[in-house]
Amino acid sequence: MFTDPSELSGTAALQLQGVSKSYRSGNTTVPALRDVSLAIPAGTFTAVMGPSGSGKSTLLQCAAGLDAPDSGKVLLGTTEISRLRSKALTRFRRDHVGFVFQSYNLLPQLTVARNVTLPLLLAGRGTDTVWLDYVLEAVGLAGLGERKPQELSGGQQQRAAIARALITRPDAVFADEPTGALDSVTARQVLDLLRHTVSSLGQTVVMVTHDPVAAGHADTVIFLADGRLDGSMTGATALDVSERMATLGEH
Amino acid sequence: MWTLAKASIRHHRGGFAGVFVAVFLCAALITAMGVLIESGTRGGIAPQRLQGADVVVGAPQAHPVVEDTDAPFAERVLLPADAVDEIAAVPGVERAVGTIELPLATADGTVVSAAAWDAAALTPFTLTSGDAPTGAAEVVVDESFGVVPGSSLVLTHGGEPSEYTVSGLAAPAAGVDTGPAAFLSTAGAEALWPHGDTVATVGVLAEPGVRPEQLSADIEAQVADVVGYTGDRRGDVENLGGSPARSTLLLLSGSLAGVAVMTAVFVTAGTLSLSIMARRREFAMLRAVGAGANQTLGIVVREVLLVSGAAAALGAAPGFLLAEFLGRQFAAGGVLPETFVLAYSPLPALAAVVISIIAAVGASLVSARGSVRAAPTAALRDSSTEASRLGRGRVITGLSLLGAGLVAALVPIAVPGTAGLASAASSILLLMIGAGLLGPRLVTGALKVVQPLLRRNPSASLALAEANAGAFPRRLASGIVPLALAIALGSVQFFMPATVATEADRQSRDGVVAGYLVSAPGTGVSEDLAEQVAELPGVESTSPVARSAVLAKAGFAGMEDGVQPYAIQGLAPQDLGGTLDLDVRDGSLDRLAEPGTVALSVDLARESGTAMGEDFDFYYGDGTEATAVVVATYERGLGFGDVAVANETLRGHTTTGLNDYLLVSADTNPGELASAVAGLGLTLLDKEELGAAGAAERNADAWVSVIAMLVLLGYLAVSVVNTLVMATARRRPELMLLRTLGASDTQLRRMMGAESLLIVAAAVVIGTVLALPPLMGIAVSVSGLPFPTIVPAVYLGLAGATAALGFGSIAVATRAALRP
């Protein structure tokens, strides 16, 4: 992870330049992000960490085009999504961004396969069945495509959600606390799966988490405190991350 | 537990707002119906002309019916003149005055109610100038005539003008509005009264200190066959319109209330089950943390009690306004006299609150029971979609109701007349409840038909809509059922009278052979005048027609000693040839000239089981019991009334003793005839206008049911919007997720649009299919053929309005749900 895009050797999957965002609550304005700049290289697994209220969810939402920054630029691939209008943004997100949520957010009325291919359906693109089978296989749901989501376990549902995030071959997959609702064994499987998508499918994954163990699976961990970047670690273990978290904001 | 319930209400504010609206409207509607029903038993017309009398005595004005409302007689039941002296002799009576009523009209056709001068004391009217009338040609009038004592005034009776000298002017006591009033001398009045030594009512002035109620009871005890009226009840005997108006109101509001209560309960239950369905996950959670099934149900019931109690209590108030509005519309439609006053008491509100709460709590129990009883884990697993199967009991009940409805609709094929008609008309309710119970099943079925079409379509919106419908048939049904209900009820309510009217019009048109109809403006046509018309140049034949109503003794339709009202006409059989063709099946109308004979419509003859040559027992409008031999049966009963007797016979039993109109066939220039008729002070209508006049009369009745129906449809509309908005708003999370996954707002709107199209299409099909059996039954009943009159514009309007409601409310709610 680099805070200055010029340091970047390969292509950046995601760049934030001087992004600020604040929320109005009543008469007071609460800043959530203050002048954040960063670049994430393609094909890497990045974790964003920070205490509650540090702005990590806002960072993810601005980076993924779910929310627009007050100022600054957000580039996904080569597209400056912070300049896109609502309709174009929806279209861009559909084709270039994958999401994984804490609650799996599958539609109960659709089969697993239908849920996974929903972004393609919404984009009006046909489903490449070979790719679908490959993705389902990759997330360990081979043969479960015709089930309804409620017939799956929590871990399986999250795998289905990851498959849905991968189906469009997006520029980046954003995951918001993907293991928050899972037990540690299942969580580990899901994290391994995310790692796998990076290493064997060449995906870029950005994950927000407050769990040091989850962050330990990432290539790079970015720390956020009080809406500002507070350093980063590469190749850190869960223990390193825990220690770093304890001293966060004291720099 | 109450605290938990309150917290839950606060949390689910949105869902409970929908329930609140549903119960509020339900209570308002039921209150309004309650007021009308209560007015049908207690409401009436305040006394005007007899306001000054402490007690008004009349003959029994209704035929007593065991265990049911008494059947009112259509005409004034008269008292013998001796009764006045007998009443005057009762202790406590200061003065008893016999009254008679005479329908007079001024030269320009304004109706004047006239009486003898001694009845003026009963209002009281007092002379403001001049003297009381003494000679037969003297009259006292009120100031609205704009004449002065000594001037002359022409008043007509039965179309015949007489010139009177105004002997004085009189004014009623302050605050009394009687309309134009005229008083003749006793001799003058008796000369015009067709019923000899009788009086219409007796007004009684009590001695000072005597309570009217006590006096009334004394009079009833001491004089045979009289009824005493005091207070506002005096209005009933003064204006005979009050009693039939009450019966009509009772009948009308009774049937309407049945439909309204059913609809309201139906819709409220639907809304509640919708709100409960949305919270199944929460119930499962409660169960999972250790709440017992009954405890959980207890919370639900408490929530619903709190919300529906508040809503019902608040909803009762506008119900009274709605009743007032309906009453005014009924008066405008001519069903109630303008002066009819509704009876208000807290009773309807109380009943409405109780019924609404019971409906709401009952519905919540039924819909919550299943999800609450289920094992917590199963409930949690199921909670994201709907249980797909309907309970066995529900399916069986639904199917049996549909079957029973079909049978009821087909009853007219076997049972003629009103009984069959009533069965067919009410079958729609059975069909509707049956369809409502089977709703989700019907939706699944309908979906199977359209699925192949949707499957092949690559549109994301359609594919999602299809998946939604398949996964949530109950949610979809909750939108379809009320819309279908609106279409079905509306169709039956609008096209039933239309079907009857079409047949009646056809019969009238075919039956009237005469080219013209002559009537007197404001009053009837006297016999003398009828003869003068017959002698006009060019007139080939005239036939006087008097109309009234009889009560047939009904030894039929399962009633032992009941009576049934039928329209009767008095015909002059010797002159019918060129004027009227009733399509006689059997016997001959000529025989009506013989005393003690009657002709019946084929329908009535069949319904009452009276064949040619047998005796037909009935009461005339004035209460006279009669037995007559059936000498003819005819087809055209709907257009002309089911009973016919000789003209003179019938006029002897009507209050006015006049003909309603003359049928005239003439071979002359219509203009000349019109001016000749006008010269006699009468008006001439040609055949086309005659048809229009009959249609206008029937329209008044139809208009009232239309008004009532519009109120009901309006209620349904609001409820449907409520349900659909509620169901759609609850889907905000689903819409938000789809949007995050890349669905554009256009796609989402299209998806919801496709679902509303499905809802509307299913509603139109189901509603129409349900309305057809009753309408066909009705058509069979009146015309013998299963082809109801369906006015395309009305049907399209109904379907269009329903479709607009469905599309509109979902679109608006979707837009609101998509707002960030």
# chains A, B, ... in the order shown; residues from 1 in each chain; ligands from 1
call {"tool": "interface_residues", "arguments": {"of": "chain B", "to": "chain A", "cutoff": "9 Å", "atoms": "only C-alpha atoms", "output": "MDAnalysis selection string"}}
result
chainID B and resid 381:382 384:385 458:461 463:464 467:472 734 737:745 747
call {"tool": "write_last_selection", "arguments": {"atoms": "N, CA, C and O atoms", "output": "tab-separated table (two decimals), in the first residue's frame"}}
result
chain	number	residue	atom	x	y	z
B	381	ARG	N	-35.78	-20.48	10.00
B	381	ARG	CA	-35.39	-20.88	8.66
B	381	ARG	C	-36.45	-20.43	7.65
B	381	ARG	O	-36.12	-19.93	6.59
B	382	ASP	N	-37.74	-20.58	8.02
B	382	ASP	CA	-38.84	-20.24	7.10
B	382	ASP	C	-39.04	-18.76	6.95
B	382	ASP	O	-39.68	-18.31	6.02
B	384	SER	N	-37.66	-16.18	6.05
B	384	SER	CA	-37.30	-15.27	4.97
B	384	SER	C	-38.24	-15.41	3.77
B	384	SER	O	-38.41	-14.48	3.01
B	385	THR	N	-38.85	-16.58	3.59
B	385	THR	CA	-39.89	-16.68	2.57
B	385	THR	C	-41.18	-17.12	3.25
B	385	THR	O	-41.23	-17.24	4.47
B	458	PRO	N	-35.40	-12.17	-21.25
B	458	PRO	CA	-34.10	-11.92	-20.62
B	458	PRO	C	-34.13	-10.73	-19.66
B	458	PRO	O	-33.11	-10.44	-19.04
B	459	SER	N	-35.25	-10.05	-19.51
B	459	SER	CA	-35.28	-8.85	-18.67
B	459	SER	C	-35.10	-9.20	-17.20
B	459	SER	O	-35.77	-10.07	-16.66
B	460	ALA	N	-34.16	-8.49	-16.57
B	460	ALA	CA	-33.91	-8.72	-15.15
B	460	ALA	C	-35.15	-8.37	-14.33
B	460	ALA	O	-35.52	-9.07	-13.39
B	461	SER	N	-35.83	-7.27	-14.70
B	461	SER	CA	-36.99	-6.83	-13.94
B	461	SER	C	-38.06	-7.91	-13.91
B	461	SER	O	-38.63	-8.22	-12.87
B	463	ALA	N	-37.70	-11.15	-14.56
B	463	ALA	CA	-37.25	-12.36	-13.87
B	463	ALA	C	-37.37	-12.19	-12.37
B	463	ALA	O	-37.83	-13.09	-11.65
B	464	LEU	N	-36.99	-11.02	-11.87
B	464	LEU	CA	-37.09	-10.77	-10.44
B	464	LEU	C	-38.54	-10.74	-9.99
B	464	LEU	O	-38.91	-11.29	-8.95
B	467	ALA	N	-39.79	-14.18	-9.71
B	467	ALA	CA	-39.27	-14.85	-8.52
B	467	ALA	C	-39.97	-14.35	-7.26
B	467	ALA	O	-40.32	-15.13	-6.37
B	468	ASN	N	-40.21	-13.05	-7.19
B	468	ASN	CA	-40.90	-12.48	-6.03
B	468	ASN	C	-42.29	-13.05	-5.88
B	468	ASN	O	-42.72	-13.43	-4.80
B	469	ALA	N	-43.01	-13.09	-7.00
B	469	ALA	CA	-44.39	-13.58	-6.96
B	469	ALA	C	-44.41	-15.04	-6.52
B	469	ALA	O	-45.25	-15.45	-5.72
B	470	GLY	N	-43.46	-15.82	-7.05
B	470	GLY	CA	-43.42	-17.22	-6.71
B	470	GLY	C	-43.09	-17.44	-5.24
B	470	GLY	O	-43.61	-18.35	-4.60
B	471	ALA	N	-42.21	-16.59	-4.69
B	471	ALA	CA	-41.77	-16.80	-3.32
B	471	ALA	C	-42.73	-16.20	-2.31
B	471	ALA	O	-42.78	-16.61	-1.17
B	472	PHE	N	-43.51	-15.17	-2.73
B	472	PHE	CA	-44.40	-14.50	-1.78
B	472	PHE	C	-45.83	-14.47	-2.30
B	472	PHE	O	-46.40	-13.39	-2.48
B	734	GLU	N	-34.94	-4.94	0.62
B	734	GLU	CA	-34.73	-5.74	-0.58
B	734	GLU	C	-34.35	-4.84	-1.76
B	734	GLU	O	-33.42	-5.13	-2.52
B	737	LEU	N	-30.80	-3.53	-1.35
B	737	LEU	CA	-29.79	-4.54	-1.65
B	737	LEU	C	-29.62	-4.67	-3.16
B	737	LEU	O	-28.51	-4.67	-3.69
B	738	LEU	N	-30.77	-4.74	-3.86
B	738	LEU	CA	-30.71	-4.88	-5.31
B	738	LEU	C	-29.97	-3.70	-5.92
B	738	LEU	O	-29.19	-3.83	-6.86
B	739	ARG	N	-30.19	-2.54	-5.34
B	739	ARG	CA	-29.56	-1.35	-5.86
B	739	ARG	C	-28.04	-1.43	-5.65
B	739	ARG	O	-27.26	-1.09	-6.53
B	740	THR	N	-27.65	-1.91	-4.46
B	740	THR	CA	-26.22	-2.07	-4.19
B	740	THR	C	-25.59	-3.03	-5.18
B	740	THR	O	-24.47	-2.86	-5.61
B	741	LEU	N	-26.36	-4.05	-5.56
B	741	LEU	CA	-25.83	-5.05	-6.48
B	741	LEU	C	-25.85	-4.54	-7.91
B	741	LEU	O	-25.52	-5.28	-8.83
B	742	GLY	N	-26.29	-3.32	-8.10
B	742	GLY	CA	-26.20	-2.75	-9.44
B	742	GLY	C	-27.51	-2.59	-10.17
B	742	GLY	O	-27.52	-2.26	-11.34
B	743	ALA	N	-28.63	-2.79	-9.49
B	743	ALA	CA	-29.91	-2.57	-10.14
B	743	ALA	C	-30.14	-1.07	-10.24
B	743	ALA	O	-29.97	-0.36	-9.26
B	744	SER	N	-30.50	-0.62	-11.43
B	744	SER	CA	-30.80	0.81	-11.56
B	744	SER	C	-32.22	1.05	-11.05
B	744	SER	O	-33.02	0.12	-10.97
B	745	ASP	N	-32.52	2.29	-10.71
B	745	ASP	CA	-33.87	2.61	-10.24
B	745	ASP	C	-34.91	2.26	-11.29
B	745	ASP	O	-36.01	1.82	-10.97
B	747	GLN	N	-34.74	-0.19	-13.39
B	747	GLN	CA	-34.98	-1.64	-13.31
B	747	GLN	C	-35.88	-1.98	-12.13
B	747	GLN	O	-36.78	-2.80	-12.24
call {"tool": "residues_around", "arguments": {"residues": "Val48 in chain A", "least_positions_apart": "6", "cutoff": "8 Å", "atoms": "only C-alpha atoms", "output": "JSON, numbers by chain"}}
result
{"A": [56, 206, 207, 208, 209, 215, 221, 222, 223, 224]}
call {"tool": "residues_around", "arguments": {"residues": "Asp230 in chain A", "least_positions_apart": "2", "cutoff": "12 Å", "atoms": "only C-alpha atoms", "output": "number ranges by chain"}}
result
A: 3, 34, 36-38, 48-51, 54-56, 221-228, 232-233, 244-245, 247-251
call {"tool": "select_by_dssp", "arguments": {"residues": "range 5-248 of chain A", "states": "strand (DSSP E)", "output": "VMD selection string"}}
result
chain A and resid 12 to 25 28 to 41 45 to 49 71 to 76 79 to 80 97 to 100 172 to 176 205 to 208 220 to 225 228 to 234
call {"tool": "residues_around", "arguments": {"residues": "Val395 in chain B", "least_positions_apart": "2", "cutoff": "9 Å", "atoms": "only C-alpha atoms", "output": "PyMOL selection string"}}
result
chain B and resi 390-393+397-400+434+437-438+441
call {"tool": "residues_around", "arguments": {"residues": "range 782-792 of chain B", "least_positions_apart": "6", "cutoff": "6 Å", "atoms": "only C-alpha atoms", "output": "MDAnalysis selection string"}}
result
chainID B and resid 495 498:499 775:776
call {"tool": "write_last_selection", "arguments": {"atoms": "all heavy atoms", "output": "short mmCIF file (atom, residue, chain, number, x, y, z; two decimals), in the first residue's frame"}}
result
data_model
loop_
_atom_site.label_atom_id
_atom_site.label_comp_id
_atom_site.auth_asym_id
_atom_site.auth_seq_id
_atom_site.Cartn_x
_atom_site.Cartn_y
_atom_site.Cartn_z
N PHE B 495 -74.43 -3.78 -12.21
CA PHE B 495 -75.08 -4.43 -13.35
C PHE B 495 -76.33 -5.20 -12.95
O PHE B 495 -77.11 -5.56 -13.81
CB PHE B 495 -74.08 -5.33 -14.07
CG PHE B 495 -72.91 -4.55 -14.60
CD1 PHE B 495 -71.61 -5.01 -14.47
CD2 PHE B 495 -73.11 -3.31 -15.19
CE1 PHE B 495 -70.54 -4.27 -14.94
CE2 PHE B 495 -72.05 -2.56 -15.66
CZ PHE B 495 -70.76 -3.04 -15.53
N ALA B 498 -78.97 -2.71 -13.52
CA ALA B 498 -79.00 -2.45 -14.97
C ALA B 498 -79.71 -3.58 -15.69
O ALA B 498 -80.50 -3.35 -16.60
CB ALA B 498 -77.57 -2.31 -15.49
N THR B 499 -79.45 -4.82 -15.25
CA THR B 499 -80.09 -5.97 -15.88
C THR B 499 -81.60 -5.93 -15.65
O THR B 499 -82.40 -6.13 -16.57
CB THR B 499 -79.52 -7.28 -15.29
OG1 THR B 499 -78.10 -7.25 -15.48
CG2 THR B 499 -80.09 -8.49 -15.96
N LEU B 775 -74.45 -12.47 -11.69
CA LEU B 775 -75.12 -11.64 -12.70
C LEU B 775 -75.93 -12.51 -13.66
O LEU B 775 -77.04 -12.16 -14.05
CB LEU B 775 -74.10 -10.82 -13.47
CG LEU B 775 -73.57 -9.59 -12.72
CD1 LEU B 775 -72.49 -8.89 -13.52
CD2 LEU B 775 -74.70 -8.62 -12.42
N MET B 776 -75.36 -13.66 -14.03
CA MET B 776 -76.10 -14.54 -14.93
C MET B 776 -77.33 -15.09 -14.23
O MET B 776 -78.41 -15.19 -14.82
CB MET B 776 -75.19 -15.66 -15.44
CG MET B 776 -74.19 -15.15 -16.47
SD MET B 776 -72.79 -16.24 -16.74
CE MET B 776 -73.56 -17.53 -17.66
#
call {"tool": "select_by_dssp", "arguments": {"residues": "range 14-247 of chain A", "states": "helix (DSSP H, G or I)", "output": "number ranges by chain"}}
result
A: 56-64, 81-83, 86-96, 112-123, 129-138, 149-151, 154-166, 184-201, 212-215, 238-246
call {"tool": "atom_distance", "arguments": {"atom1": "CA of Leu321 in chain B", "atom2": "CA of Glu338 in chain B"}}
result
17.5 Å
call {"tool": "atom_distance", "arguments": {"atom1": "CA of Arg49 in chain B", "atom2": "CA of Glu238 in chain B"}}
result
7.3 Å
call {"tool": "atom_distance", "arguments": {"atom1": "CA of Asp528 in chain B", "atom2": "CA of Tyr164 in chain B"}}
result
19.6 Å
call {"tool": "closest_residue", "arguments": {"among": "B:Ala754, B:Val443, B:Ala32, B:Val812", "to": "Leu350 in chain B", "atoms": "only C-alpha atoms"}}
result
B:Ala32
call {"tool": "residues_around", "arguments": {"residues": "Ala163 in chain A", "least_positions_apart": "3", "cutoff": "10 Å", "atoms": "only C-alpha atoms", "output": "PyMOL selection string"}}
result
chain A and resi 98-100+112-113+115-117+132+134-141+157-160+166-168+197
call {"tool": "write_last_selection", "arguments": {"atoms": "N, CA and C atoms", "output": "mmCIF file, in the first residue's frame"}}
result
data_model
loop_
_atom_site.group_PDB
_atom_site.id
_atom_site.type_symbol
_atom_site.label_atom_id
_atom_site.label_comp_id
_atom_site.auth_asym_id
_atom_site.auth_seq_id
_atom_site.Cartn_x
_atom_site.Cartn_y
_atom_site.Cartn_z
ATOM 1 N N GLY A 98 -17.361 -5.724 -6.791
ATOM 2 C CA GLY A 98 -18.061 -6.807 -6.109
ATOM 3 C C GLY A 98 -18.178 -6.494 -4.627
ATOM 4 N N PHE A 99 -19.287 -6.943 -4.014
ATOM 5 C CA PHE A 99 -19.490 -6.669 -2.596
ATOM 6 C C PHE A 99 -19.714 -7.945 -1.802
ATOM 7 N N VAL A 100 -19.190 -7.942 -0.583
ATOM 8 C CA VAL A 100 -19.527 -9.000 0.363
ATOM 9 C C VAL A 100 -19.895 -8.300 1.670
ATOM 10 N N VAL A 112 -29.612 -20.184 -5.276
ATOM 11 C CA VAL A 112 -28.229 -19.763 -5.073
ATOM 12 C C VAL A 112 -27.622 -19.313 -6.396
ATOM 13 N N ALA A 113 -27.822 -20.127 -7.455
ATOM 14 C CA ALA A 113 -27.251 -19.786 -8.749
ATOM 15 C C ALA A 113 -27.795 -18.456 -9.243
ATOM 16 N N ASN A 115 -28.989 -16.040 -7.382
ATOM 17 C CA ASN A 115 -28.420 -14.994 -6.537
ATOM 18 C C ASN A 115 -27.024 -14.625 -7.023
ATOM 19 N N VAL A 116 -26.245 -15.657 -7.344
ATOM 20 C CA VAL A 116 -24.866 -15.410 -7.770
ATOM 21 C C VAL A 116 -24.836 -14.652 -9.090
ATOM 22 N N THR A 117 -25.732 -15.015 -10.004
ATOM 23 C CA THR A 117 -25.692 -14.388 -11.327
ATOM 24 C C THR A 117 -26.537 -13.118 -11.396
ATOM 25 N N LEU A 132 -19.668 -19.649 -14.217
ATOM 26 C CA LEU A 132 -20.502 -19.824 -13.023
ATOM 27 C C LEU A 132 -20.097 -21.094 -12.283
ATOM 28 N N TYR A 134 -17.324 -22.606 -12.484
ATOM 29 C CA TYR A 134 -15.966 -22.450 -11.963
ATOM 30 C C TYR A 134 -15.994 -21.677 -10.646
ATOM 31 N N VAL A 135 -16.783 -20.577 -10.619
ATOM 32 C CA VAL A 135 -16.851 -19.735 -9.423
ATOM 33 C C VAL A 135 -17.487 -20.514 -8.271
ATOM 34 N N LEU A 136 -18.596 -21.229 -8.573
ATOM 35 C CA LEU A 136 -19.250 -22.004 -7.522
ATOM 36 C C LEU A 136 -18.294 -23.066 -6.969
ATOM 37 N N GLU A 137 -17.582 -23.687 -7.879
ATOM 38 C CA GLU A 137 -16.582 -24.684 -7.499
ATOM 39 C C GLU A 137 -15.512 -24.039 -6.611
ATOM 40 N N ALA A 138 -15.070 -22.848 -7.056
ATOM 41 C CA ALA A 138 -13.985 -22.162 -6.348
ATOM 42 C C ALA A 138 -14.398 -21.805 -4.918
ATOM 43 N N VAL A 139 -15.664 -21.433 -4.714
ATOM 44 C CA VAL A 139 -16.108 -21.064 -3.357
ATOM 45 C C VAL A 139 -16.630 -22.287 -2.604
ATOM 46 N N GLY A 140 -16.576 -23.453 -3.237
ATOM 47 C CA GLY A 140 -16.973 -24.678 -2.549
ATOM 48 C C GLY A 140 -18.474 -24.905 -2.517
ATOM 49 N N LEU A 141 -19.176 -24.395 -3.515
ATOM 50 C CA LEU A 141 -20.637 -24.595 -3.541
ATOM 51 C C LEU A 141 -21.059 -25.410 -4.754
ATOM 52 N N GLN A 157 -23.694 -19.564 2.949
ATOM 53 C CA GLN A 157 -24.348 -18.361 2.423
ATOM 54 C C GLN A 157 -23.319 -17.288 2.121
ATOM 55 N N GLN A 158 -22.311 -17.160 3.014
ATOM 56 C CA GLN A 158 -21.292 -16.141 2.778
ATOM 57 C C GLN A 158 -20.452 -16.502 1.551
ATOM 58 N N ARG A 159 -20.245 -17.807 1.353
ATOM 59 C CA ARG A 159 -19.519 -18.233 0.149
ATOM 60 C C ARG A 159 -20.304 -17.857 -1.104
ATOM 61 N N ALA A 160 -21.632 -18.042 -1.006
ATOM 62 C CA ALA A 160 -22.477 -17.674 -2.146
ATOM 63 C C ALA A 160 -22.357 -16.177 -2.412
ATOM 64 N N LEU A 166 -17.765 -12.181 -7.233
ATOM 65 C CA LEU A 166 -16.730 -12.508 -8.222
ATOM 66 C C LEU A 166 -17.276 -12.655 -9.630
ATOM 67 N N ILE A 167 -18.600 -12.868 -9.739
ATOM 68 C CA ILE A 167 -19.164 -13.339 -11.001
ATOM 69 C C ILE A 167 -18.947 -12.354 -12.146
ATOM 70 N N THR A 168 -18.836 -11.046 -11.840
ATOM 71 C CA THR A 168 -18.673 -10.059 -12.919
ATOM 72 C C THR A 168 -17.206 -9.819 -13.245
ATOM 73 N N THR A 197 -8.943 -16.150 -3.865
ATOM 74 C CA THR A 197 -9.374 -15.385 -5.041
ATOM 75 C C THR A 197 -8.289 -14.404 -5.459
#
call {"tool": "closest_residue", "arguments": {"among": "A:Ala64, A:Val19, A:Leu201, A:Ile162", "to": "Leu229 in chain A", "atoms": "only C-alpha atoms"}}
result
A:Val19
call {"tool": "residues_around", "arguments": {"residues": "Leu127 in chain B", "least_positions_apart": "2", "cutoff": "6 Å", "atoms": "only C-alpha atoms", "output": "number ranges by chain"}}
result
B: 129, 169-170
call {"tool": "write_last_selection", "arguments": {"atoms": "C-alpha atoms", "output": "mmCIF file, in the first residue's frame"}}
result
data_model
loop_
_atom_site.group_PDB
_atom_site.id
_atom_site.type_symbol
_atom_site.label_atom_id
_atom_site.label_comp_id
_atom_site.auth_asym_id
_atom_site.auth_seq_id
_atom_site.Cartn_x
_atom_site.Cartn_y
_atom_site.Cartn_z
ATOM 1 C CA SER B 129 -106.114 38.665 8.523
ATOM 2 C CA LEU B 169 -104.654 34.470 5.566
ATOM 3 C CA ALA B 170 -103.107 32.283 8.236
#
call {"tool": "decode", "arguments": {"residues": "range 137-190 of chain A", "atoms": "C-alpha atoms", "output": "PDB file, in the first residue's frame"}}
result
ATOM      1  CA  GLU A 137     -16.582 -24.684  -7.499  1.00  0.00           C
ATOM      2  CA  ALA A 138     -13.985 -22.162  -6.348  1.00  0.00           C
ATOM      3  CA  VAL A 139     -16.108 -21.064  -3.357  1.00  0.00           C
ATOM      4  CA  GLY A 140     -16.973 -24.678  -2.549  1.00  0.00           C
ATOM      5  CA  LEU A 141     -20.637 -24.595  -3.541  1.00  0.00           C
ATOM      6  CA  ALA A 142     -20.454 -26.950  -6.505  1.00  0.00           C
ATOM      7  CA  GLY A 143     -23.776 -28.717  -6.904  1.00  0.00           C
ATOM      8  CA  LEU A 144     -25.672 -26.427  -4.528  1.00  0.00           C
ATOM      9  CA  GLY A 145     -26.710 -23.921  -7.199  1.00  0.00           C
ATOM     10  CA  GLU A 146     -30.367 -24.924  -7.252  1.00  0.00           C
ATOM     11  CA  ARG A 147     -30.824 -24.648  -3.479  1.00  0.00           C
ATOM     12  CA  LYS A 148     -32.548 -21.672  -1.881  1.00  0.00           C
ATOM     13  CA  PRO A 149     -30.206 -19.554   0.322  1.00  0.00           C
ATOM     14  CA  GLN A 150     -32.151 -20.380   3.478  1.00  0.00           C
ATOM     15  CA  GLU A 151     -31.316 -24.047   2.923  1.00  0.00           C
ATOM     16  CA  LEU A 152     -27.594 -23.311   3.318  1.00  0.00           C
ATOM     17  CA  SER A 153     -25.464 -22.838   6.427  1.00  0.00           C
ATOM     18  CA  GLY A 154     -24.161 -19.391   7.362  1.00  0.00           C
ATOM     19  CA  GLY A 155     -20.698 -20.129   5.974  1.00  0.00           C
ATOM     20  CA  GLN A 156     -22.186 -21.455   2.749  1.00  0.00           C
ATOM     21  CA  GLN A 157     -24.348 -18.361   2.423  1.00  0.00           C
ATOM     22  CA  GLN A 158     -21.292 -16.141   2.778  1.00  0.00           C
ATOM     23  CA  ARG A 159     -19.519 -18.233   0.149  1.00  0.00           C
ATOM     24  CA  ALA A 160     -22.477 -17.674  -2.146  1.00  0.00           C
ATOM     25  CA  ALA A 161     -22.199 -13.931  -1.477  1.00  0.00           C
ATOM     26  CA  ILE A 162     -18.486 -14.063  -2.379  1.00  0.00           C
ATOM     27  CA  ALA A 163     -19.316 -15.969  -5.553  1.00  0.00           C
ATOM     28  CA  ARG A 164     -21.802 -13.207  -6.396  1.00  0.00           C
ATOM     29  CA  ALA A 165     -19.067 -10.627  -5.857  1.00  0.00           C
ATOM     30  CA  LEU A 166     -16.730 -12.508  -8.222  1.00  0.00           C
ATOM     31  CA  ILE A 167     -19.164 -13.339 -11.001  1.00  0.00           C
ATOM     32  CA  THR A 168     -18.673 -10.059 -12.919  1.00  0.00           C
ATOM     33  CA  ARG A 169     -14.848 -10.345 -12.786  1.00  0.00           C
ATOM     34  CA  PRO A 170     -14.789  -6.994 -11.004  1.00  0.00           C
ATOM     35  CA  ASP A 171     -11.849  -4.557 -10.714  1.00  0.00           C
ATOM     36  CA  ALA A 172     -12.107  -4.883  -6.951  1.00  0.00           C
ATOM     37  CA  VAL A 173     -14.079  -6.841  -4.369  1.00  0.00           C
ATOM     38  CA  PHE A 174     -15.063  -4.902  -1.247  1.00  0.00           C
ATOM     39  CA  ALA A 175     -15.893  -6.867   1.863  1.00  0.00           C
ATOM     40  CA  ASP A 176     -17.433  -5.246   4.958  1.00  0.00           C
ATOM     41  CA  GLU A 177     -16.828  -7.414   8.054  1.00  0.00           C
ATOM     42  CA  PRO A 178     -17.355 -10.583   5.968  1.00  0.00           C
ATOM     43  CA  THR A 179     -16.631 -12.846   8.928  1.00  0.00           C
ATOM     44  CA  GLY A 180     -18.541 -10.860  11.522  1.00  0.00           C
ATOM     45  CA  ALA A 181     -21.411 -13.342  11.736  1.00  0.00           C
ATOM     46  CA  LEU A 182     -19.386 -16.519  11.456  1.00  0.00           C
ATOM     47  CA  ASP A 183     -17.724 -18.842  13.919  1.00  0.00           C
ATOM     48  CA  SER A 184     -13.923 -18.953  13.878  1.00  0.00           C
ATOM     49  CA  VAL A 185     -13.590 -22.144  11.816  1.00  0.00           C
ATOM     50  CA  THR A 186     -16.063 -20.992   9.177  1.00  0.00           C
ATOM     51  CA  ALA A 187     -14.550 -17.494   9.276  1.00  0.00           C
ATOM     52  CA  ARG A 188     -11.147 -18.981   8.572  1.00  0.00           C
ATOM     53  CA  GLN A 189     -12.526 -20.864   5.570  1.00  0.00           C
ATOM     54  CA  VAL A 190     -14.059 -17.682   4.214  1.00  0.00           C
TER      55      VAL A 190
END
